[in-house]
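Asks: What follows is model-v1.cif; its format and atoms are mmCIF, C-alpha atoms and all ligand atoms.
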data_final
loop_
_atom_site.label_atom_id
_atom_site.label_comp_id
_atom_site.auth_asym_id
_atom_site.auth_seq_id
_atom_site.Cartn_x
_atom_site.Cartn_y
_atom_site.Cartn_z
CA MET A 12 0.82 0.31 14.58
CA SER A 13 1.22 2.05 11.24
CA PHE A 14 0.00 5.62 10.80
CA PHE A 15 -1.49 4.42 7.51
CA ARG A 16 -3.87 1.82 8.94
CA SER A 17 -7.43 2.96 9.35
CA GLU A 18 -9.97 1.14 11.52
CA ASN A 19 -13.12 1.81 9.54
CA GLY A 20 -12.91 1.92 5.79
CA PRO A 21 -9.99 3.04 3.65
CA PHE A 22 -7.20 5.40 4.73
CA VAL A 23 -8.15 8.51 2.75
CA VAL A 24 -5.61 11.12 1.64
CA ALA A 25 -7.26 14.17 0.07
CA GLY A 26 -6.38 17.73 -0.82
CA PRO A 27 -5.33 19.74 -3.85
CA CYS A 28 -2.67 18.76 -6.37
CA SER A 29 -0.92 22.07 -5.52
CA ALA A 30 -1.19 24.55 -2.68
CA GLU A 31 -2.10 27.56 -4.86
CA THR A 32 -3.15 30.27 -2.40
CA LYS A 33 -3.71 30.43 1.33
CA GLU A 34 -7.47 30.81 0.76
CA GLN A 35 -7.65 27.78 -1.54
CA VAL A 36 -5.77 25.59 0.94
CA LEU A 37 -7.88 26.70 3.92
CA GLU A 38 -11.15 26.42 2.00
CA THR A 39 -10.31 22.87 0.88
CA ALA A 40 -9.29 21.83 4.39
CA ALA A 41 -12.45 23.29 5.94
CA ALA A 42 -14.58 21.27 3.53
CA LEU A 43 -12.56 18.07 3.96
CA LYS A 44 -12.56 18.20 7.76
CA SER A 45 -16.23 17.14 7.86
CA LEU A 46 -15.48 14.12 5.64
CA SER A 47 -13.15 12.71 8.31
CA ILE A 48 -10.25 12.13 5.93
CA SER A 49 -7.08 10.57 7.34
CA LEU A 50 -4.48 12.91 5.82
CA PHE A 51 -4.45 16.29 4.00
CA ARG A 52 -2.21 16.46 0.92
CA ALA A 53 -0.92 19.42 -1.08
CA GLY A 54 2.05 19.83 -3.42
CA VAL A 55 4.36 22.73 -2.58
CA TRP A 56 7.12 21.87 -5.11
CA LYS A 57 5.61 20.49 -8.29
CA PRO A 58 7.47 18.32 -10.80
CA ARG A 59 6.07 19.55 -14.13
CA THR A 60 6.51 17.90 -17.49
CA ARG A 61 7.36 21.16 -19.27
CA PRO A 62 9.10 24.29 -18.02
CA GLY A 63 7.01 27.41 -17.61
CA SER A 64 4.10 25.68 -15.83
CA PHE A 65 3.27 26.50 -12.21
CA GLU A 66 5.98 24.86 -10.11
CA GLY A 67 4.56 25.35 -6.63
CA ASN A 68 4.70 28.07 -3.98
CA GLY A 69 7.52 26.54 -1.92
CA VAL A 70 8.17 27.74 1.62
CA GLN A 71 5.23 30.15 1.87
CA ALA A 72 2.88 27.23 1.17
CA LEU A 73 4.42 25.38 4.11
CA GLU A 74 3.22 28.26 6.31
CA TRP A 75 -0.34 27.89 4.97
CA LEU A 76 -0.22 24.13 5.63
CA ARG A 77 0.91 24.75 9.19
CA GLU A 78 -2.21 26.86 9.59
CA VAL A 79 -4.39 24.04 8.22
CA ARG A 80 -2.81 21.69 10.71
CA ASP A 81 -3.40 24.01 13.67
CA LEU A 82 -6.88 25.16 12.67
CA TYR A 83 -8.41 21.88 11.52
CA LYS A 84 -6.25 19.32 13.38
CA LEU A 85 -5.48 17.55 10.14
CA ALA A 86 -2.21 15.67 9.57
CA ILE A 87 -0.37 17.11 6.56
CA ALA A 88 1.54 15.40 3.75
CA ILE A 89 3.68 16.97 1.04
CA GLU A 90 5.91 15.67 -1.76
CA VAL A 91 9.66 15.98 -1.28
CA ALA A 92 12.14 15.55 -4.12
CA GLU A 93 15.39 16.99 -2.71
CA PRO A 94 17.10 16.93 0.70
CA ALA A 95 16.43 20.70 1.00
CA HIS A 96 12.69 19.97 0.74
CA VAL A 97 13.01 17.45 3.57
CA ASP A 98 14.74 19.99 5.83
CA LEU A 99 12.11 22.64 5.20
CA ALA A 100 9.23 20.16 5.62
CA LEU A 101 10.60 19.01 8.98
CA LYS A 102 11.15 22.61 10.10
CA HIS A 103 7.51 23.37 9.35
CA GLY A 104 6.14 20.38 11.24
CA ILE A 105 4.87 18.43 8.22
CA ASP A 106 3.58 15.05 9.46
CA VAL A 107 4.08 12.78 6.45
CA LEU A 108 6.32 12.96 3.37
CA TRP A 109 5.85 11.35 -0.01
CA LEU A 110 8.15 10.57 -2.89
CA GLY A 111 6.65 11.26 -6.33
CA ALA A 112 6.71 8.90 -9.28
CA ARG A 113 9.46 10.90 -11.00
CA THR A 114 11.60 10.62 -7.88
CA THR A 115 11.12 6.90 -7.18
CA VAL A 116 12.38 6.16 -10.68
CA ASN A 117 15.84 7.53 -9.77
CA PRO A 118 17.86 5.52 -7.21
CA PHE A 119 20.43 8.33 -6.73
CA GLN A 120 17.70 10.75 -5.77
CA VAL A 121 15.94 8.24 -3.52
CA GLN A 122 19.24 7.49 -1.77
CA GLN A 123 19.91 11.20 -1.17
CA LEU A 124 16.44 11.61 0.33
CA ALA A 125 16.95 8.52 2.48
CA GLU A 126 20.24 9.98 3.79
CA SER A 127 18.54 13.27 4.60
CA LEU A 128 15.99 11.33 6.67
CA ARG A 129 18.50 9.25 8.64
CA GLY A 130 17.64 9.57 12.32
CA VAL A 131 14.22 11.14 11.60
CA ASN A 132 11.50 8.55 11.85
CA ILE A 133 8.57 10.12 9.99
CA PRO A 134 5.87 8.21 8.04
CA VAL A 135 6.73 8.13 4.33
CA MET A 136 4.62 7.27 1.28
CA ILE A 137 6.38 6.05 -1.84
CA LYS A 138 4.65 6.38 -5.19
CA ASN A 139 5.41 3.78 -7.84
CA PRO A 140 8.10 4.76 -10.35
CA VAL A 141 6.80 6.00 -13.71
CA THR A 142 8.14 2.80 -15.32
CA PRO A 143 6.34 -0.49 -14.61
CA ASP A 144 9.17 -1.96 -12.53
CA VAL A 145 8.26 -3.59 -9.25
CA ASP A 146 11.93 -4.06 -8.24
CA LEU A 147 12.60 -0.33 -8.56
CA TRP A 148 9.55 0.44 -6.41
CA GLU A 149 10.54 -2.13 -3.78
CA GLY A 150 14.14 -0.88 -3.98
CA ALA A 151 13.07 2.66 -3.09
CA ILE A 152 11.15 1.28 -0.10
CA GLU A 153 14.25 -0.66 1.00
CA ARG A 154 16.46 2.45 0.72
CA MET A 155 14.11 4.28 3.10
CA GLU A 156 14.02 1.30 5.47
CA ARG A 157 17.81 1.10 5.57
CA ALA A 158 17.88 4.77 6.56
CA GLY A 159 15.69 3.88 9.55
CA ILE A 160 12.20 4.79 8.28
CA THR A 161 9.86 2.21 9.79
CA ASP A 162 6.41 3.41 8.73
CA ILE A 163 6.02 3.25 4.96
CA ALA A 164 3.03 3.05 2.63
CA ALA A 165 3.19 2.46 -1.11
CA ILE A 166 1.07 4.54 -3.48
CA HIS A 167 -0.11 3.03 -6.75
CA ARG A 168 -0.53 5.91 -9.25
CA GLY A 169 -0.19 4.02 -12.53
CA PHE A 170 2.61 3.84 -15.10
CA SER A 171 3.53 5.97 -18.13
CA SER A 172 3.05 4.44 -21.51
CA TYR A 173 2.53 5.62 -25.04
CA HIS A 174 -1.03 4.46 -25.57
CA ALA A 175 -2.68 7.19 -27.57
CA SER A 176 -5.94 5.25 -27.38
CA SER A 177 -5.94 4.54 -23.67
CA GLN A 178 -8.72 6.02 -21.60
CA TYR A 179 -6.29 6.54 -18.68
CA ARG A 180 -3.50 9.06 -18.14
CA ASN A 181 -1.34 6.36 -16.54
CA GLN A 182 -1.80 2.61 -17.02
CA PRO A 183 -2.89 0.84 -13.83
CA ASN A 184 -0.98 -2.44 -14.50
CA TRP A 185 -2.65 -3.92 -11.44
CA VAL A 186 -0.32 -6.93 -11.47
CA ILE A 187 2.51 -4.69 -10.25
CA PRO A 188 0.96 -3.46 -6.97
CA ILE A 189 -0.39 -6.98 -6.45
CA GLU A 190 3.12 -8.39 -6.82
CA LEU A 191 4.45 -5.75 -4.38
CA LYS A 192 1.79 -6.81 -1.88
CA ARG A 193 2.74 -10.47 -2.37
CA ARG A 194 6.36 -9.62 -1.59
CA ARG A 195 5.54 -7.18 1.20
CA PRO A 196 2.23 -8.13 2.85
CA ASP A 197 3.08 -5.77 5.73
CA LEU A 198 2.86 -2.65 3.53
CA VAL A 199 -0.28 -0.54 3.27
CA ILE A 200 -1.03 0.13 -0.40
CA ILE A 201 -2.89 3.32 -1.25
CA CYS A 202 -4.39 3.74 -4.72
CA ASP A 203 -4.26 7.16 -6.41
CA PRO A 204 -7.13 7.05 -8.92
CA SER A 205 -6.63 10.77 -9.72
CA HIS A 206 -3.24 10.26 -11.36
CA ILE A 207 -4.21 6.88 -12.85
CA THR A 208 -7.28 8.19 -14.65
CA GLY A 209 -6.40 11.84 -15.24
CA LYS A 210 -10.18 12.41 -15.54
CA ARG A 211 -12.51 13.12 -12.66
CA ASP A 212 -15.39 11.11 -14.17
CA LEU A 213 -13.33 7.93 -13.98
CA VAL A 214 -12.16 8.42 -10.38
CA PRO A 215 -15.17 6.65 -8.75
CA GLU A 216 -14.82 3.41 -10.74
CA VAL A 217 -11.07 3.12 -10.20
CA SER A 218 -11.55 3.88 -6.46
CA GLN A 219 -14.03 1.01 -6.28
CA LYS A 220 -11.71 -1.27 -8.20
CA ALA A 221 -8.95 -0.54 -5.67
CA MET A 222 -11.32 -1.51 -2.86
CA ASP A 223 -12.27 -4.70 -4.74
CA MET A 224 -8.58 -5.57 -5.00
CA GLY A 225 -8.14 -5.13 -1.24
CA PHE A 226 -6.05 -1.93 -1.26
CA GLU A 227 -6.10 -0.20 2.11
CA GLY A 228 -6.29 3.43 1.06
CA LEU A 229 -7.10 6.09 -1.54
CA MET A 230 -5.38 9.35 -2.48
CA ILE A 231 -7.82 11.63 -4.30
CA GLU A 232 -6.96 15.14 -5.45
CA THR A 233 -9.58 17.60 -4.23
CA HIS A 234 -10.02 21.27 -5.12
CA PRO A 235 -12.82 23.77 -4.35
CA SER A 236 -13.14 24.68 -8.06
CA PRO A 237 -11.28 21.97 -9.98
CA ASP A 238 -11.59 23.53 -13.43
CA ASP A 239 -9.61 26.56 -12.24
CA ALA A 240 -6.81 24.48 -10.68
CA TRP A 241 -3.26 25.53 -11.51
CA SER A 242 -2.19 21.90 -12.04
CA ASP A 243 -4.03 18.67 -12.89
CA ALA A 244 -7.36 20.47 -13.38
CA PRO A 245 -9.15 17.68 -15.31
CA GLN A 246 -8.66 15.08 -12.59
CA GLN A 247 -9.46 16.99 -9.40
CA VAL A 248 -12.86 16.65 -7.71
CA THR A 249 -14.69 19.00 -5.36
CA PRO A 250 -14.89 18.09 -1.65
CA GLY A 251 -18.61 17.45 -2.23
CA ALA A 252 -17.84 14.99 -5.03
CA LEU A 253 -15.26 13.29 -2.83
CA GLY A 254 -17.88 12.87 -0.10
CA HIS A 255 -20.18 11.25 -2.65
CA ILE A 256 -17.44 8.92 -3.96
CA LEU A 257 -16.57 7.79 -0.43
CA SER A 258 -20.21 7.25 0.53
CA GLN A 259 -20.79 5.03 -2.53
CA LEU A 260 -17.77 2.75 -2.00
CA VAL A 261 -18.46 -0.90 -1.32
CA ILE A 262 -15.85 -2.03 1.19
CA ARG A 263 -14.97 -5.70 1.02
CA GLU A 264 -13.30 -8.05 3.48
CA GLN A 265 -10.49 -10.52 2.85
CA TYR A 266 -12.23 -13.23 4.86
CA THR A 267 -15.80 -14.12 5.73
CA ALA A 268 -17.08 -15.33 9.09
CA ASP A 269 -19.85 -17.27 7.33
CA MET A 270 -18.85 -20.94 7.61
CA THR A 271 -20.97 -22.16 4.69
CA TRP A 272 -19.47 -19.71 2.23
CA SER A 273 -15.94 -20.09 3.53
CA SER A 274 -16.08 -23.88 3.17
CA GLU A 275 -17.51 -23.50 -0.36
CA LEU A 276 -14.59 -21.21 -1.19
CA GLU A 277 -12.11 -23.65 0.38
CA TYR A 278 -13.58 -26.47 -1.77
CA LEU A 279 -13.26 -24.38 -4.94
CA ARG A 280 -9.69 -23.45 -4.02
CA GLN A 281 -8.79 -27.13 -3.71
CA LEU A 282 -10.28 -27.83 -7.13
CA MET A 283 -8.28 -24.92 -8.51
CA ASP A 284 -5.09 -26.24 -6.94
CA SER A 285 -5.52 -29.54 -8.72
CA VAL A 286 -6.28 -27.86 -12.07
CA ASP A 287 -3.14 -25.73 -11.63
CA ALA A 288 -1.09 -28.83 -10.85
CA GLU A 289 -2.32 -30.31 -14.16
CA ILE A 290 -1.42 -27.10 -16.03
CA VAL A 291 2.17 -27.18 -14.75
CA ASP A 292 2.37 -30.89 -15.51
CA LEU A 293 1.17 -30.29 -19.07
CA LEU A 294 3.70 -27.50 -19.53
CA ALA A 295 6.49 -29.87 -18.49
CA ARG A 296 5.20 -32.48 -20.97
CA ARG A 297 5.02 -29.87 -23.73
CA MET A 298 8.58 -28.82 -23.02
CA GLU A 299 9.71 -32.45 -23.26
CA LEU A 300 8.16 -32.68 -26.73
CA SER A 301 9.86 -29.46 -27.64
CA GLU A 302 13.20 -30.92 -26.61
CA ARG A 303 12.66 -34.00 -28.78
CA MET A 304 11.72 -31.74 -31.71
CA GLY A 305 14.94 -29.79 -31.12
CA GLY A 306 16.86 -33.08 -31.53
CA VAL A 307 15.15 -33.79 -34.86
CA LYS A 308 15.79 -30.24 -36.12
CA LYS A 309 19.46 -30.51 -35.21
CA GLU A 310 19.76 -33.88 -36.93
CA CYS A 311 18.16 -32.54 -40.12
CA ASN A 312 19.87 -29.15 -40.01
CA MET A 313 16.54 -27.32 -39.80
CA THR A 314 15.79 -23.87 -38.34
CA VAL A 315 14.32 -23.73 -34.85
CA TYR A 316 11.74 -21.11 -35.73
CA ASN A 317 9.26 -21.87 -38.47
CA PRO A 318 6.87 -18.97 -39.24
CA ASP A 319 4.26 -21.22 -40.89
CA ARG A 320 4.10 -23.50 -37.89
CA TRP A 321 3.87 -20.54 -35.48
CA ARG A 322 1.06 -19.00 -37.56
CA GLU A 323 -0.78 -22.32 -37.42
CA ILE A 324 -0.40 -22.50 -33.61
CA VAL A 325 -1.63 -18.91 -33.21
CA GLU A 326 -4.70 -19.47 -35.40
CA ASN A 327 -5.59 -22.82 -33.94
CA ARG A 328 -5.20 -21.85 -30.25
CA SER A 329 -7.06 -18.53 -30.71
CA ALA A 330 -9.94 -20.32 -32.41
CA GLN A 331 -10.09 -22.86 -29.58
CA ALA A 332 -10.02 -20.01 -27.05
CA SER A 333 -12.98 -18.32 -28.76
CA ARG A 334 -14.96 -21.56 -28.77
CA LEU A 335 -14.39 -21.86 -25.02
CA ASN A 336 -15.29 -18.20 -24.33
CA LEU A 337 -11.74 -17.27 -23.37
CA PRO A 338 -10.40 -13.95 -24.70
CA PRO A 339 -8.13 -14.94 -27.64
CA ASP A 340 -5.67 -12.13 -26.69
CA PHE A 341 -5.17 -13.68 -23.29
CA VAL A 342 -4.49 -17.16 -24.71
CA LEU A 343 -2.20 -15.68 -27.34
CA ALA A 344 -0.17 -13.81 -24.72
CA LEU A 345 0.27 -17.10 -22.83
CA TYR A 346 1.33 -18.87 -26.02
CA GLU A 347 3.87 -16.19 -26.83
CA LYS A 348 5.57 -16.96 -23.52
CA ILE A 349 5.33 -20.73 -24.00
CA HIS A 350 6.63 -20.52 -27.57
CA HIS A 351 9.47 -18.24 -26.52
CA GLU A 352 10.57 -20.75 -23.87
CA SER A 353 10.30 -23.60 -26.34
CA ILE A 354 12.46 -21.76 -28.93
CA LYS A 355 15.01 -21.02 -26.21
CA LYS A 356 15.20 -24.69 -25.31
CA GLN A 357 15.63 -25.75 -28.95
CA LEU A 358 18.33 -23.14 -29.59
CA GLN A 359 20.16 -24.57 -26.61
CA ILE A 360 20.01 -28.02 -28.22
CA LEU A 361 21.16 -26.74 -31.61
CA GLU A 362 24.03 -24.75 -30.17
CA GLY A 363 25.18 -27.42 -27.70
CA ASN A 364 23.48 -28.32 -24.43
CA ASP A 365 25.90 -26.59 -22.13
CA LYS A 366 25.17 -23.10 -23.43
CA GLU A 367 22.45 -21.10 -21.72
CA VAL A 368 20.66 -19.06 -24.41
CA LYS A 369 20.17 -15.46 -23.35
CA ASP A 370 16.87 -13.69 -24.02
C1 LIG B 401 0.99 14.58 -7.30
O1 LIG B 401 0.63 13.77 -6.43
O2 LIG B 401 0.46 15.68 -7.48
C2 LIG B 401 2.05 14.16 -8.24
C3 LIG B 401 2.89 15.00 -8.82
O3 LIG B 401 2.01 12.85 -8.44
P1 LIG B 401 2.93 11.79 -9.25
O4 LIG B 401 4.26 11.78 -8.59
O5 LIG B 401 2.14 10.53 -9.03
O6 LIG B 401 2.93 12.21 -10.69
MN MN B 402 -1.28 16.11 -9.24
#
Here is a file; write its structure as structure tokens.
Ligand code: PEP
Ligand code: MN

Replies:
Amino acid sequence: MSFFRSENGPFVVAGPCSAETKEQVLETAAALKSLSISLFRAGVWKPRTRPGSFEGNGVQALEWLREVRDLYKLAIAIEVAEPAHVDLALKHGIDVLWLGARTTVNPFQVQQLAESLRGVNIPVMIKNPVTPDVDLWEGAIERMERAGITDIAAIHRGFSSYHASSQYRNQPNWVIPIELKRRRPDLVIICDPSHITGKRDLVPEVSQKAMDMGFEGLMIETHPSPDDAWSDAPQQVTPGALGHILSQLVIREQYTADMTWSSELEYLRQLMDSVDAEIVDLLARRMELSERMGGVKKECNMTVYNPDRWREIVENRSAQASRLNLPPDFVLALYEKIHHESIKKQLQILEGNDKEVKD
């Protein structure tokens, strides 16, 4: 049984971004104890974007966390980024370790941490890498598994991107954790709405969204006076606010015991299967046409790509999408993929069938 599975409701990890002072850590823990959280978090070595910011209290903070553990009987998690951090964490009886997003992105660093954990079977949480790369995330999990770690949870904390207009600090890209779950249904996935949103007002809605998607846990940064926090001040919530967020969550099930609704859903799924089969069939027919067009273009020495024709396709398909109440952006994104594949096929024909055209 995984440490990260909770019987009733989500597995909740809460606590400050950083362990700032002994008083702050103890005050937060005292307030969180009554919320029956599953795990207390606090950063003791902080990866900061720029030098000169508060970089954590290191070993002395580990002493404070030991006190939290003894006094409030809470399991403790910290971030580790170097083998030396692992040694110190283990020496101080830390219960759970996590790899931060800036660590998961680097396979050398992940491998070093995995080596330092060989022979120590402790629960480990692995945040997604800062880049939206599901293979890199899964790869980090595999490195830990090969070192003998058997109890792993993945944390979805969003992905860096240069979107000046985005309302979020890190883009959720929900398709990535969903793909990880498809590949690894055994893994518990914990959503970190604090680092996704970067703003405390948006934490409740993203927490609910994670529950709607079927994620099993939440990591929410909690501080007794968030505005005074030494790191990530705008996104931390008070323990009281956390209690409110948790009490408002609607928890959903993957299945229903109600026979009427489950057979209705089964019926709709069968209809959807047959529509999907038609879609794939149509794609194959479209590709066949594309191949024949490639033959004509080769015969007549014409270019594969024709900007006027592409413009016409874009306008026509977007207009049709709007008429059918489909977001034109969505249909356009699909057509970009279809068109790209079609061009690839025609280039192959023009350049000789045996050559695979690289993207
Ligand atoms: C954190 O949890 O405080 C942290 C540094 O997170 P991330 O690795 O997701 O940026
Ligand atoms: Mn933080």

Asks: Give me, as a list in words, all polymer residues having an atom no more than 9 Å from Arg328 of chain A, counting all atoms listed in the file and skipping those fewer than 2 positions away in the same chain.

Replies: Glu323, Ile324, Val325, Glu326, Ala330, Gln331, Ala332, Ser333, Pro339, Val342, Leu343 and Tyr346 of chain A

Asks: May I have the residues within 6 Å of segment 219-231 of chain A as a PyMOL selection string, using only C-alpha atoms and disregarding those fewer than 5 positions away in the same chain?

Replies: chain A and resi 21-25+199-203+205+260

Asks: Rank nothing, just name the residue among A:Pro118, A:Ser242, A:Ser29, A:Thr142 nearest to Thr60 of chain A, using all atoms listed in the file.

Replies: A:Ser242

Asks: Which is closer to ligand MN 402 (chain B) than all the others in A:Asp243, A:Glu352, A:Asp292, A:Glu31, using all atoms listed in the file?

Replies: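 Of all the options, A:Asp243 lies closest to ligand MN 402 (chain B).
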
Asks: Expressed in Å to a single decimal, how great is the separation between atom CA of Glu190 of chain A and atom CA of Asp146 of chain A?

Replies: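 Computed distance, atom CA of Glu190 of chain A to atom CA of Asp146 of chain A, equals 9.9 Å.
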
Asks: Select, from A:Pro62, A:Gly150, A:Gly169, A:Pro235, the residue with the minimum atom-to-atom distance to Gly26 of chain A, counting all atoms listed in the file.

Replies: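 Residue with the minimum atom-to-atom distance to Gly26 of chain A: A:Pro235.
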
Asks: So, counting all atoms listed in the file, which residue among A:Ile137, A:Gln182, A:Arg52, A:Ser64 is closest to Ile105 of chain A?

Replies: A:Arg52

Asks: Collect all residues with atoms no farther than 9 Å from ligand MN 402 (chain B), counting only C-alpha atoms and all ligand atoms, and output them as number ranges by chain.

Replies: A: 27-29, 53-54, 57, 205-206, 209, 232, 242-244, 246-247

Asks: In terms of the shortest atom-to-atom distance over only C-alpha atoms, which of A:His167, A:Arg113, A:Lys102, A:His96 is closest to Pro58 of chain A?

Replies: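 Between A:His167, A:Arg113, A:Lys102, A:His96, the residue approaching Pro58 of chain A most closely is A:Arg113.
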
Asks: Could you work out how far atom CA of Ile360 of chain A lies from atom CA of Asp287 of chain A, giving the answer in Å with one decimal?

Replies: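 We find that atom CA of Asp287 of chain A and atom CA of Ile360 of chain A lie 28.6 Å from each other.
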
Asks: Would you mind completing segment 233-248 of chain A so that it carries N, CA, C and O atoms, and writing it out as a PDB file, in the coordinates of the input?

Replies:
ATOM      1  N   THR A 233      -8.326  16.888  -4.508  1.00  0.00           N
ATOM      2  CA  THR A 233      -9.580  17.600  -4.230  1.00  0.00           C
ATOM      3  C   THR A 233      -9.340  19.102  -4.241  1.00  0.00           C
ATOM      4  O   THR A 233      -8.381  19.580  -3.621  1.00  0.00           O
ATOM      5  N   HIS A 234     -10.215  19.823  -4.922  1.00  0.00           N
ATOM      6  CA  HIS A 234     -10.020  21.270  -5.120  1.00  0.00           C
ATOM      7  C   HIS A 234     -11.395  21.940  -5.046  1.00  0.00           C
ATOM      8  O   HIS A 234     -12.368  21.385  -5.563  1.00  0.00           O
ATOM      9  N   PRO A 235     -11.500  23.132  -4.457  1.00  0.00           N
ATOM     10  CA  PRO A 235     -12.820  23.770  -4.350  1.00  0.00           C
ATOM     11  C   PRO A 235     -13.423  24.115  -5.717  1.00  0.00           C
ATOM     12  O   PRO A 235     -14.635  24.056  -5.883  1.00  0.00           O
ATOM     13  N   SER A 236     -12.591  24.476  -6.702  1.00  0.00           N
ATOM     14  CA  SER A 236     -13.140  24.680  -8.060  1.00  0.00           C
ATOM     15  C   SER A 236     -12.152  24.058  -9.045  1.00  0.00           C
ATOM     16  O   SER A 236     -11.291  24.739  -9.602  1.00  0.00           O
ATOM     17  N   PRO A 237     -12.283  22.754  -9.233  1.00  0.00           N
ATOM     18  CA  PRO A 237     -11.280  21.970  -9.980  1.00  0.00           C
ATOM     19  C   PRO A 237     -10.929  22.535 -11.346  1.00  0.00           C
ATOM     20  O   PRO A 237      -9.752  22.535 -11.727  1.00  0.00           O
ATOM     21  N   ASP A 238     -11.911  23.065 -12.075  1.00  0.00           N
ATOM     22  CA  ASP A 238     -11.590  23.530 -13.430  1.00  0.00           C
ATOM     23  C   ASP A 238     -10.622  24.703 -13.436  1.00  0.00           C
ATOM     24  O   ASP A 238      -9.960  24.957 -14.440  1.00  0.00           O
ATOM     25  N   ASP A 239     -10.546  25.417 -12.303  1.00  0.00           N
ATOM     26  CA  ASP A 239      -9.610  26.560 -12.240  1.00  0.00           C
ATOM     27  C   ASP A 239      -8.261  26.172 -11.633  1.00  0.00           C
ATOM     28  O   ASP A 239      -7.427  27.047 -11.369  1.00  0.00           O
ATOM     29  N   ALA A 240      -8.056  24.885 -11.352  1.00  0.00           N
ATOM     30  CA  ALA A 240      -6.810  24.480 -10.680  1.00  0.00           C
ATOM     31  C   ALA A 240      -5.589  24.830 -11.511  1.00  0.00           C
ATOM     32  O   ALA A 240      -5.648  24.815 -12.745  1.00  0.00           O
ATOM     33  N   TRP A 241      -4.496  25.132 -10.831  1.00  0.00           N
ATOM     34  CA  TRP A 241      -3.260  25.530 -11.510  1.00  0.00           C
ATOM     35  C   TRP A 241      -2.455  24.318 -11.989  1.00  0.00           C
ATOM     36  O   TRP A 241      -1.469  24.467 -12.700  1.00  0.00           O
ATOM     37  N   SER A 242      -2.814  23.130 -11.538  1.00  0.00           N
ATOM     38  CA  SER A 242      -2.190  21.900 -12.040  1.00  0.00           C
ATOM     39  C   SER A 242      -3.225  20.778 -11.949  1.00  0.00           C
ATOM     40  O   SER A 242      -4.079  20.787 -11.064  1.00  0.00           O
ATOM     41  N   ASP A 243      -3.142  19.844 -12.870  1.00  0.00           N
ATOM     42  CA  ASP A 243      -4.030  18.670 -12.890  1.00  0.00           C
ATOM     43  C   ASP A 243      -5.520  19.003 -12.768  1.00  0.00           C
ATOM     44  O   ASP A 243      -6.274  18.280 -12.091  1.00  0.00           O
ATOM     45  N   ALA A 244      -5.945  20.059 -13.453  1.00  0.00           N
ATOM     46  CA  ALA A 244      -7.360  20.470 -13.380  1.00  0.00           C
ATOM     47  C   ALA A 244      -8.351  19.366 -13.771  1.00  0.00           C
ATOM     48  O   ALA A 244      -9.335  19.146 -13.070  1.00  0.00           O
ATOM     49  N   PRO A 245      -8.106  18.627 -14.872  1.00  0.00           N
ATOM     50  CA  PRO A 245      -9.150  17.680 -15.310  1.00  0.00           C
ATOM     51  C   PRO A 245      -9.432  16.543 -14.334  1.00  0.00           C
ATOM     52  O   PRO A 245     -10.483  15.921 -14.394  1.00  0.00           O
ATOM     53  N   GLN A 246      -8.477  16.264 -13.439  1.00  0.00           N
ATOM     54  CA  GLN A 246      -8.660  15.080 -12.590  1.00  0.00           C
ATOM     55  C   GLN A 246      -9.105  15.403 -11.163  1.00  0.00           C
ATOM     56  O   GLN A 246      -9.446  14.503 -10.399  1.00  0.00           O
ATOM     57  N   GLN A 247      -9.113  16.687 -10.791  1.00  0.00           N
ATOM     58  CA  GLN A 247      -9.460  16.990  -9.400  1.00  0.00           C
ATOM     59  C   GLN A 247     -10.974  17.008  -9.214  1.00  0.00           C
ATOM     60  O   GLN A 247     -11.722  17.318 -10.141  1.00  0.00           O
ATOM     61  N   VAL A 248     -11.412  16.653  -8.007  1.00  0.00           N
ATOM     62  CA  VAL A 248     -12.860  16.650  -7.710  1.00  0.00           C
ATOM     63  C   VAL A 248     -13.126  17.655  -6.590  1.00  0.00           C
ATOM     64  O   VAL A 248     -12.220  18.012  -5.835  1.00  0.00           O
TER      65      VAL A 248
END
